[in-house]
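Visitor: See start09.cif below, with mmCIF, C-alpha atoms and all ligand atoms.
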```
data_model
#
loop_
_atom_site.label_atom_id
_atom_site.label_comp_id
_atom_site.auth_asym_id
_atom_site.auth_seq_id
_atom_site.Cartn_x
_atom_site.Cartn_y
_atom_site.Cartn_z
CA MET A 1 3.89 -34.81 4.50
CA GLY A 2 1.71 -34.22 7.56
CA LYS A 3 0.02 -30.95 8.42
CA ILE A 4 -0.41 -29.14 11.76
CA SER A 5 -3.46 -27.02 12.74
CA LEU A 6 -2.82 -23.41 13.75
CA ARG A 7 -4.78 -20.34 14.82
CA PRO A 8 -5.66 -17.84 12.01
CA ASN A 9 -2.54 -16.48 10.31
CA ASN A 10 -1.34 -15.85 6.75
CA ASP A 11 2.33 -16.78 7.08
CA TYR A 12 3.81 -18.18 3.85
CA CYS A 13 1.10 -16.40 1.80
CA PRO A 14 3.11 -13.47 0.36
CA GLN A 15 1.26 -10.25 -0.43
CA THR A 16 2.11 -7.23 -2.54
CA LEU A 17 2.71 -3.97 -0.67
CA PHE A 18 1.10 -0.60 -1.41
CA LEU A 19 1.41 2.84 0.16
CA TYR A 20 -2.04 4.42 0.45
CA GLY A 21 -1.99 8.17 -0.11
CA THR A 22 -4.67 10.42 1.40
CA TYR A 23 -5.13 14.06 2.39
CA ASP A 24 -5.98 14.87 6.00
CA GLU A 25 -8.71 17.35 6.89
CA TYR A 26 -6.25 20.25 6.47
CA GLY A 27 -5.14 19.09 3.00
CA ASN A 28 -1.80 17.66 4.16
CA PRO A 29 -0.74 14.38 2.50
CA ASP A 30 -0.40 11.21 4.59
CA PHE A 31 0.91 7.83 3.47
CA GLY A 32 0.49 4.46 5.24
CA LEU A 33 1.75 0.99 4.27
CA PHE A 34 -0.77 -1.76 3.49
CA CYS A 35 -0.78 -5.35 2.19
CA TRP A 36 -4.39 -6.52 2.69
CA PHE A 37 -5.24 -5.47 -0.85
CA SER A 38 -6.81 -7.46 -3.66
CA TYR A 39 -9.13 -7.22 -6.65
CA ILE A 40 -12.89 -7.58 -7.22
CA TRP A 41 -15.15 -7.71 -10.25
CA GLU A 42 -18.24 -5.58 -10.93
CA HIS A 43 -18.54 -5.12 -14.72
CA GLU A 44 -14.84 -4.17 -14.59
CA MET A 45 -11.91 -4.73 -12.27
CA GLY A 46 -12.06 -3.00 -8.88
CA VAL A 47 -10.09 -3.10 -5.64
CA MET A 48 -10.87 -4.36 -2.15
CA CYS A 49 -8.81 -3.70 0.92
CA CYS A 50 -9.08 -4.06 4.67
CA ILE A 51 -7.95 -1.52 7.25
CA GLY A 52 -8.03 -2.67 10.86
CA GLY A 53 -8.21 -0.47 13.97
CA ASN A 54 -7.90 3.31 14.05
CA LYS A 55 -5.58 4.81 11.45
CA LEU A 56 -5.28 8.26 9.94
CA THR A 57 -5.48 6.63 6.49
CA LYS A 58 -8.85 5.13 7.42
CA ASP A 59 -10.22 8.44 8.78
CA ASN A 60 -9.08 10.23 5.62
CA ILE A 61 -10.57 7.61 3.29
CA LYS A 62 -13.90 7.63 5.15
CA ARG A 63 -14.06 11.43 4.89
CA SER A 64 -12.85 11.98 1.30
CA LYS A 65 -13.89 8.63 -0.27
CA VAL A 66 -10.76 8.69 -2.47
CA PHE A 67 -7.15 7.54 -2.10
CA SER A 68 -4.16 6.35 -4.10
CA ALA A 69 -2.49 2.92 -3.85
CA ASN A 70 1.20 3.18 -4.80
CA LEU A 71 3.14 -0.01 -5.60
CA VAL A 72 6.10 -0.44 -3.22
CA THR A 73 9.43 -1.23 -4.88
CA GLU A 74 12.82 -2.05 -3.38
CA GLU A 75 13.86 1.56 -3.98
CA LEU A 76 10.87 2.75 -1.91
CA LEU A 77 11.18 0.11 0.83
CA PRO A 78 13.05 2.11 3.53
CA VAL A 79 10.51 4.91 3.38
CA ALA A 80 7.59 2.46 3.01
CA ASP A 81 8.71 0.59 6.13
CA TYR A 82 8.89 3.91 8.00
CA LEU A 83 5.39 4.91 6.82
CA GLY A 84 4.09 1.52 8.00
CA CYS A 85 5.76 1.64 11.41
CA VAL A 86 4.99 5.28 12.31
CA SER A 87 1.38 6.26 13.03
CA GLY A 88 -0.28 9.22 11.35
CA ASP A 89 -1.16 10.35 14.88
CA ASN A 90 2.51 11.42 15.15
CA PRO A 91 2.45 15.05 13.88
CA ASP A 92 6.03 14.68 12.60
CA LYS A 93 5.34 11.53 10.54
CA MET A 94 5.33 13.25 7.14
CA LYS A 95 8.35 15.46 7.84
CA ILE A 96 10.51 13.26 5.60
CA THR A 97 11.83 13.65 2.07
CA LEU A 98 9.20 12.25 -0.29
CA ASP A 99 8.52 13.11 -3.93
CA ILE A 100 4.73 13.67 -3.81
CA GLY A 101 2.60 14.52 -6.84
CA LYS A 102 -1.10 14.60 -7.60
CA GLY A 103 -3.41 12.08 -9.21
CA ALA A 104 -4.31 12.67 -12.86
CA VAL A 105 -8.05 12.03 -12.32
CA LEU A 106 -8.76 12.16 -8.56
CA ASP A 107 -7.70 14.62 -5.86
CA VAL A 108 -5.23 12.23 -4.23
CA PRO A 109 -1.52 12.47 -3.37
CA VAL A 110 0.68 10.05 -5.35
CA LEU A 111 4.31 8.99 -5.06
CA GLU A 112 6.34 10.01 -8.10
CA LYS A 113 8.76 7.09 -7.52
CA ALA A 114 6.04 4.39 -7.58
CA PRO A 115 5.94 2.78 -11.06
CA VAL A 116 2.24 1.85 -10.73
CA VAL A 117 -0.40 3.91 -8.92
CA PHE A 118 -4.12 3.19 -8.63
CA GLU A 119 -6.42 6.19 -8.19
CA LEU A 120 -9.31 4.74 -6.18
CA GLU A 121 -12.82 5.94 -5.40
CA VAL A 122 -14.68 4.18 -2.58
CA SER A 123 -17.96 2.55 -3.58
CA ASP A 124 -18.79 0.66 -0.35
CA ILE A 125 -17.42 0.32 3.17
CA ILE A 126 -18.35 -2.79 5.15
CA THR A 127 -17.62 -2.25 8.85
CA LYS A 128 -17.01 -5.38 10.93
CA GLY A 129 -16.11 -4.57 14.52
CA ASP A 130 -12.92 -2.48 14.40
CA GLY A 131 -12.13 -3.52 10.81
CA ASP A 132 -13.33 -1.91 7.60
CA ILE A 133 -13.47 -3.64 4.23
CA ILE A 134 -13.27 -0.98 1.57
CA LEU A 135 -14.50 -1.65 -1.98
CA CYS A 136 -13.26 0.72 -4.67
CA LYS A 137 -13.66 1.68 -8.31
CA ILE A 138 -10.35 2.10 -10.15
CA ARG A 139 -10.70 5.56 -11.69
CA ASN A 140 -7.21 5.59 -13.18
CA VAL A 141 -3.99 3.59 -13.31
CA LEU A 142 -0.89 5.79 -13.49
CA GLN A 143 1.91 3.67 -14.91
CA ASP A 144 5.52 4.53 -15.75
CA GLU A 145 6.01 4.91 -19.49
CA SER A 146 8.94 2.50 -19.23
CA LEU A 147 6.46 -0.34 -18.55
CA SER A 148 5.18 0.03 -22.13
CA SER A 149 8.54 -1.21 -23.46
CA ASP A 150 9.00 -4.43 -25.43
CA GLU A 151 10.63 -6.26 -22.51
CA THR A 152 8.95 -9.40 -21.15
CA VAL A 153 6.80 -9.17 -18.02
CA GLU A 154 9.58 -10.95 -16.14
CA GLN A 155 12.18 -8.39 -17.27
CA LYS A 156 9.92 -5.49 -16.30
CA LEU A 157 9.20 -6.97 -12.86
CA ARG A 158 12.91 -7.56 -12.26
CA ARG A 159 13.57 -3.94 -13.20
CA ILE A 160 10.89 -2.31 -11.03
CA ALA A 161 11.38 -4.88 -8.21
CA PRO A 162 8.04 -4.86 -6.32
CA VAL A 163 8.26 -5.91 -2.67
CA LYS A 164 6.18 -8.68 -1.09
CA THR A 165 5.64 -9.48 2.56
CA THR A 166 4.74 -12.42 4.75
CA ALA A 167 5.55 -13.50 8.31
CA GLN A 168 6.56 -9.91 9.19
CA THR A 169 9.38 -10.13 6.65
CA TYR A 170 9.91 -8.18 3.41
CA LEU A 171 10.84 -10.23 0.33
CA GLY A 172 12.17 -9.21 -3.06
CA TYR A 173 10.39 -10.18 -6.28
CA ASP A 174 12.88 -13.09 -6.56
CA GLY A 175 12.32 -14.22 -2.94
CA ARG A 176 15.39 -12.64 -1.29
CA SER A 177 14.82 -11.48 2.29
CA LEU A 178 14.85 -7.68 2.51
CA GLY A 179 14.63 -7.67 6.31
CA ALA A 180 12.05 -7.86 9.05
CA TRP A 181 9.37 -5.19 9.47
CA GLY A 182 11.04 -2.19 11.11
CA GLU A 183 14.53 -2.91 9.71
CA PRO A 184 14.66 -1.16 6.28
CA MET A 185 13.63 2.19 7.84
CA LYS A 186 16.94 2.21 9.74
CA GLN A 187 18.63 3.07 6.39
CA LEU A 188 16.86 6.45 6.33
C1 LIG A 201 4.38 -4.38 6.13
C2 LIG A 201 3.15 -3.72 6.72
C3 LIG A 201 1.90 -3.98 6.16
C4 LIG A 201 0.74 -3.41 6.72
N1 LIG A 201 -0.48 -3.70 6.17
C5 LIG A 201 -1.61 -3.22 6.76
C6 LIG A 201 -2.91 -3.58 6.24
O1 LIG A 201 -3.06 -4.26 5.21
N2 LIG A 201 -4.00 -3.14 6.92
C7 LIG A 201 -3.90 -2.35 8.03
O2 LIG A 201 -4.93 -1.99 8.62
N3 LIG A 201 -2.68 -1.94 8.50
C8 LIG A 201 -1.56 -2.36 7.89
N4 LIG A 201 -0.31 -1.98 8.36
C9 LIG A 201 -0.22 -0.99 9.46
C10 LIG A 201 -0.19 0.48 8.95
O3 LIG A 201 0.72 0.69 7.91
C11 LIG A 201 0.24 1.38 10.12
O4 LIG A 201 -0.76 1.32 11.14
C12 LIG A 201 0.53 2.81 9.72
O5 LIG A 201 1.09 3.49 10.83
C13 LIG A 201 -0.74 3.55 9.26
O6 LIG A 201 -0.40 4.88 8.96
P1 LIG A 201 -1.43 6.07 9.21
O7 LIG A 201 -1.70 6.15 10.70
O8 LIG A 201 -0.70 7.28 8.68
O9 LIG A 201 -2.66 5.75 8.45
C14 LIG A 201 0.85 -2.54 7.83
C15 LIG A 201 2.12 -2.25 8.36
C16 LIG A 201 3.26 -2.84 7.82
C17 LIG A 201 4.61 -2.54 8.42
#
```
Could you express the structure from this file as structure tokens?

Guide:
Amino acid sequence: MGKISLRPNNDYCPQTLFLYGTYDEYGNPDFGLFCWFSYIWEHEMGVMCCIGGNKLTKDNIKRSKVFSANLVTEELLPVADYLGCVSGDNPDKMKITLDIGKGAVLDVPVLEKAPVVFELEVSDIITKGDGDIILCKIRNVLQDESLSSDETVEQKLRRIAPVKTTAQTYLGYDGRSLGAWGEPMKQL
């Protein structure tokens, strides 16, 4: 089959979604939705992520050098979509119902409903124009006890149902469309 050449895009390259949790300068929690997230190696596994433009999450990470990355599941999707579509510059953004706890190792807000949470400490920030590539040490992985069961990986993933995204569309673990960006938040 032939191929066509296109300008830079990552359509049809699904990515896992995370909600990054930070505290603002007054100690109030903020969460933003992110998918440019992957892994690096430096003696042990670490995390790399990219935050473009001006975002409260970025300001908070640059100031505190710590944040949480909370795996987004289908149960969390309506609120995750909202947290990705509403800027932290809106003073009312966090006036929603959200079960927020604290990291076990780092001073970071975490989502009690996320089955997997990384507690991340920034080791390097590479600034390129208005984008920042953030390299992190994983200081702790908070994981639901239920993921230690004897089920297969497939059974566990079906149960927790992580959400992927590509082409401005949310997709279930099994590939079902869960709506375009901006749609799931309408259920709130
Ligand atoms: C599905 C989805 C994925 C996103 N992924 C990223 C990302 O990887 N990097 C980024 O800079 N912004 C990303 N955003 C945009 C931020 O979530 C958005 O700017 C949000 O309002 C930031 O919240 P904050 O201002 O509280 O930090 C994404 C938005 C959506 C809807």

Visitor: Find the residues near Thr22 in chain A: any atom within 7 Å, counting only C-alpha atoms, skip ones fewer than 3 places away on the same chain, and give them as a list in words.

Guide: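 That gives Pro29, Asp30, Phe31, Thr57, Asn60, Ile61, Phe67, Ser68, Val108 and Pro109 of chain A.
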
Visitor: For chain A against ligand LIG 201 (chain A), with a cut-off of 8 Å and counting only C-alpha atoms and all ligand atoms, what is the closest atom pair and its distance in Å to one decimal for every residue that makes the cut, ordered by chain and number, as a Markdown table?

Guide:
```
| residue | atom | partner | partner_atom | distance |
| --- | --- | --- | --- | --- |
| A:Leu17 | CA | A:LIG201 | C3 | 6.9 |
| A:Asp30 | CA | A:LIG201 | O8 | 5.7 |
| A:Phe31 | CA | A:LIG201 | O8 | 5.5 |
| A:Gly32 | CA | A:LIG201 | O6 | 3.8 |
| A:Leu33 | CA | A:LIG201 | O3 | 3.8 |
| A:Phe34 | CA | A:LIG201 | N1 | 3.3 |
| A:Cys35 | CA | A:LIG201 | O1 | 3.9 |
| A:Trp36 | CA | A:LIG201 | O1 | 3.6 |
| A:Phe37 | CA | A:LIG201 | O1 | 6.6 |
| A:Cys49 | CA | A:LIG201 | O1 | 7.2 |
| A:Cys50 | CA | A:LIG201 | N2 | 5.6 |
| A:Ile51 | CA | A:LIG201 | O2 | 3.3 |
| A:Gly52 | CA | A:LIG201 | O2 | 3.9 |
| A:Gly53 | CA | A:LIG201 | O2 | 6.5 |
| A:Asn54 | CA | A:LIG201 | O7 | 7.6 |
| A:Lys55 | CA | A:LIG201 | O7 | 4.2 |
| A:Leu56 | CA | A:LIG201 | O9 | 3.9 |
| A:Thr57 | CA | A:LIG201 | O9 | 3.5 |
| A:Lys58 | CA | A:LIG201 | O9 | 6.3 |
| A:Ala80 | CA | A:LIG201 | C17 | 7.9 |
| A:Asp81 | CA | A:LIG201 | C17 | 5.6 |
| A:Tyr82 | CA | A:LIG201 | C17 | 7.8 |
| A:Leu83 | CA | A:LIG201 | C12 | 6.0 |
| A:Gly84 | CA | A:LIG201 | O3 | 3.5 |
| A:Cys85 | CA | A:LIG201 | O5 | 5.1 |
| A:Val86 | CA | A:LIG201 | O5 | 4.5 |
| A:Ser87 | CA | A:LIG201 | O5 | 3.5 |
| A:Gly88 | CA | A:LIG201 | O8 | 3.3 |
| A:Asp89 | CA | A:LIG201 | O7 | 6.0 |
| A:Lys93 | CA | A:LIG201 | O8 | 7.6 |
| A:Gly131 | CA | A:LIG201 | O2 | 7.7 |
| A:Thr165 | CA | A:LIG201 | C1 | 6.4 |
| A:Gln168 | CA | A:LIG201 | C1 | 6.7 |
| A:Thr169 | CA | A:LIG201 | C1 | 7.6 |
| A:Tyr170 | CA | A:LIG201 | C1 | 7.2 |
| A:Trp181 | CA | A:LIG201 | C17 | 5.5 |
| A:Gly182 | CA | A:LIG201 | C17 | 7.0 |
```

Visitor: With 12 Å as the threshold, what does the neighbourhood of (-4.2, 7.4, -9.0) contain in terms of residues, counting all atoms listed in the file? Coordinates are those of the file; answer as a PyMOL selection string.

Guide: chain A and resi 19-22+66-71+101-112+114-121+137-143

Visitor: Between CA of Lys65 in chain A and CA of Val163 in chain A, what is the spacing in Å?

Guide: 26.6 Å

Visitor: May I ask which of the residues A:Val153, A:Ala167, A:Val79, A:Ile133 is the closest one to Lys186 in chain A, counting all atoms listed in the file?

Guide: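 Of the candidates, the smallest distance to Lys186 in chain A is held by A:Val79.
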
Visitor: Reconstruct N, CA and C atoms of range 78-95 of chain A; output as a JSON list (two decimals), keeping the file's coordinate frame.

Guide:
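The file below, part-v5.json, is the result:
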```json
[["chain", "number", "residue", "atom", "x", "y", "z"],
["A", 78, "PRO", "N", 12.74, 1.47, 2.24],
["A", 78, "PRO", "CA", 13.05, 2.11, 3.53],
["A", 78, "PRO", "C", 11.98, 3.10, 3.96],
["A", 79, "VAL", "N", 11.52, 3.92, 3.02],
["A", 79, "VAL", "CA", 10.51, 4.91, 3.38],
["A", 79, "VAL", "C", 9.15, 4.24, 3.60],
["A", 80, "ALA", "N", 8.86, 3.18, 2.84],
["A", 80, "ALA", "CA", 7.59, 2.46, 3.01],
["A", 80, "ALA", "C", 7.53, 1.82, 4.40],
["A", 81, "ASP", "N", 8.65, 1.21, 4.81],
["A", 81, "ASP", "CA", 8.71, 0.59, 6.13],
["A", 81, "ASP", "C", 8.47, 1.65, 7.21],
["A", 82, "TYR", "N", 9.11, 2.80, 7.04],
["A", 82, "TYR", "CA", 8.89, 3.91, 8.00],
["A", 82, "TYR", "C", 7.42, 4.31, 8.04],
["A", 83, "LEU", "N", 6.79, 4.45, 6.88],
["A", 83, "LEU", "CA", 5.39, 4.91, 6.82],
["A", 83, "LEU", "C", 4.43, 3.86, 7.36],
["A", 84, "GLY", "N", 4.90, 2.58, 7.42],
["A", 84, "GLY", "CA", 4.09, 1.52, 8.00],
["A", 84, "GLY", "C", 4.30, 1.35, 9.49],
["A", 85, "CYS", "N", 5.44, 1.83, 9.97],
["A", 85, "CYS", "CA", 5.76, 1.64, 11.41],
["A", 85, "CYS", "C", 5.45, 2.88, 12.23],
["A", 86, "VAL", "N", 5.26, 4.03, 11.58],
["A", 86, "VAL", "CA", 4.99, 5.28, 12.31],
["A", 86, "VAL", "C", 3.54, 5.68, 12.05],
["A", 87, "SER", "N", 2.80, 5.92, 13.13],
["A", 87, "SER", "CA", 1.38, 6.26, 13.03],
["A", 87, "SER", "C", 1.18, 7.68, 12.53],
["A", 88, "GLY", "N", 0.09, 7.87, 11.78],
["A", 88, "GLY", "CA", -0.28, 9.22, 11.35],
["A", 88, "GLY", "C", -0.67, 10.12, 12.50],
["A", 89, "ASP", "N", -0.87, 9.53, 13.69],
["A", 89, "ASP", "CA", -1.16, 10.35, 14.88],
["A", 89, "ASP", "C", 0.08, 11.15, 15.29],
["A", 90, "ASN", "N", 1.26, 10.69, 14.86],
["A", 90, "ASN", "CA", 2.51, 11.42, 15.15],
["A", 90, "ASN", "C", 2.57, 12.63, 14.21],
["A", 91, "PRO", "N", 2.51, 13.87, 14.75],
["A", 91, "PRO", "CA", 2.45, 15.05, 13.88],
["A", 91, "PRO", "C", 3.69, 15.22, 13.02],
["A", 92, "ASP", "N", 4.79, 14.55, 13.38],
["A", 92, "ASP", "CA", 6.03, 14.68, 12.60],
["A", 92, "ASP", "C", 6.18, 13.60, 11.53],
["A", 93, "LYS", "N", 5.19, 12.68, 11.44],
["A", 93, "LYS", "CA", 5.34, 11.53, 10.54],
["A", 93, "LYS", "C", 5.76, 11.93, 9.12],
["A", 94, "MET", "N", 5.10, 12.93, 8.55],
["A", 94, "MET", "CA", 5.33, 13.25, 7.14],
["A", 94, "MET", "C", 6.46, 14.24, 6.93],
["A", 95, "LYS", "N", 7.22, 14.54, 7.99],
["A", 95, "LYS", "CA", 8.35, 15.46, 7.84],
["A", 95, "LYS", "C", 9.57, 14.68, 7.34]]
```
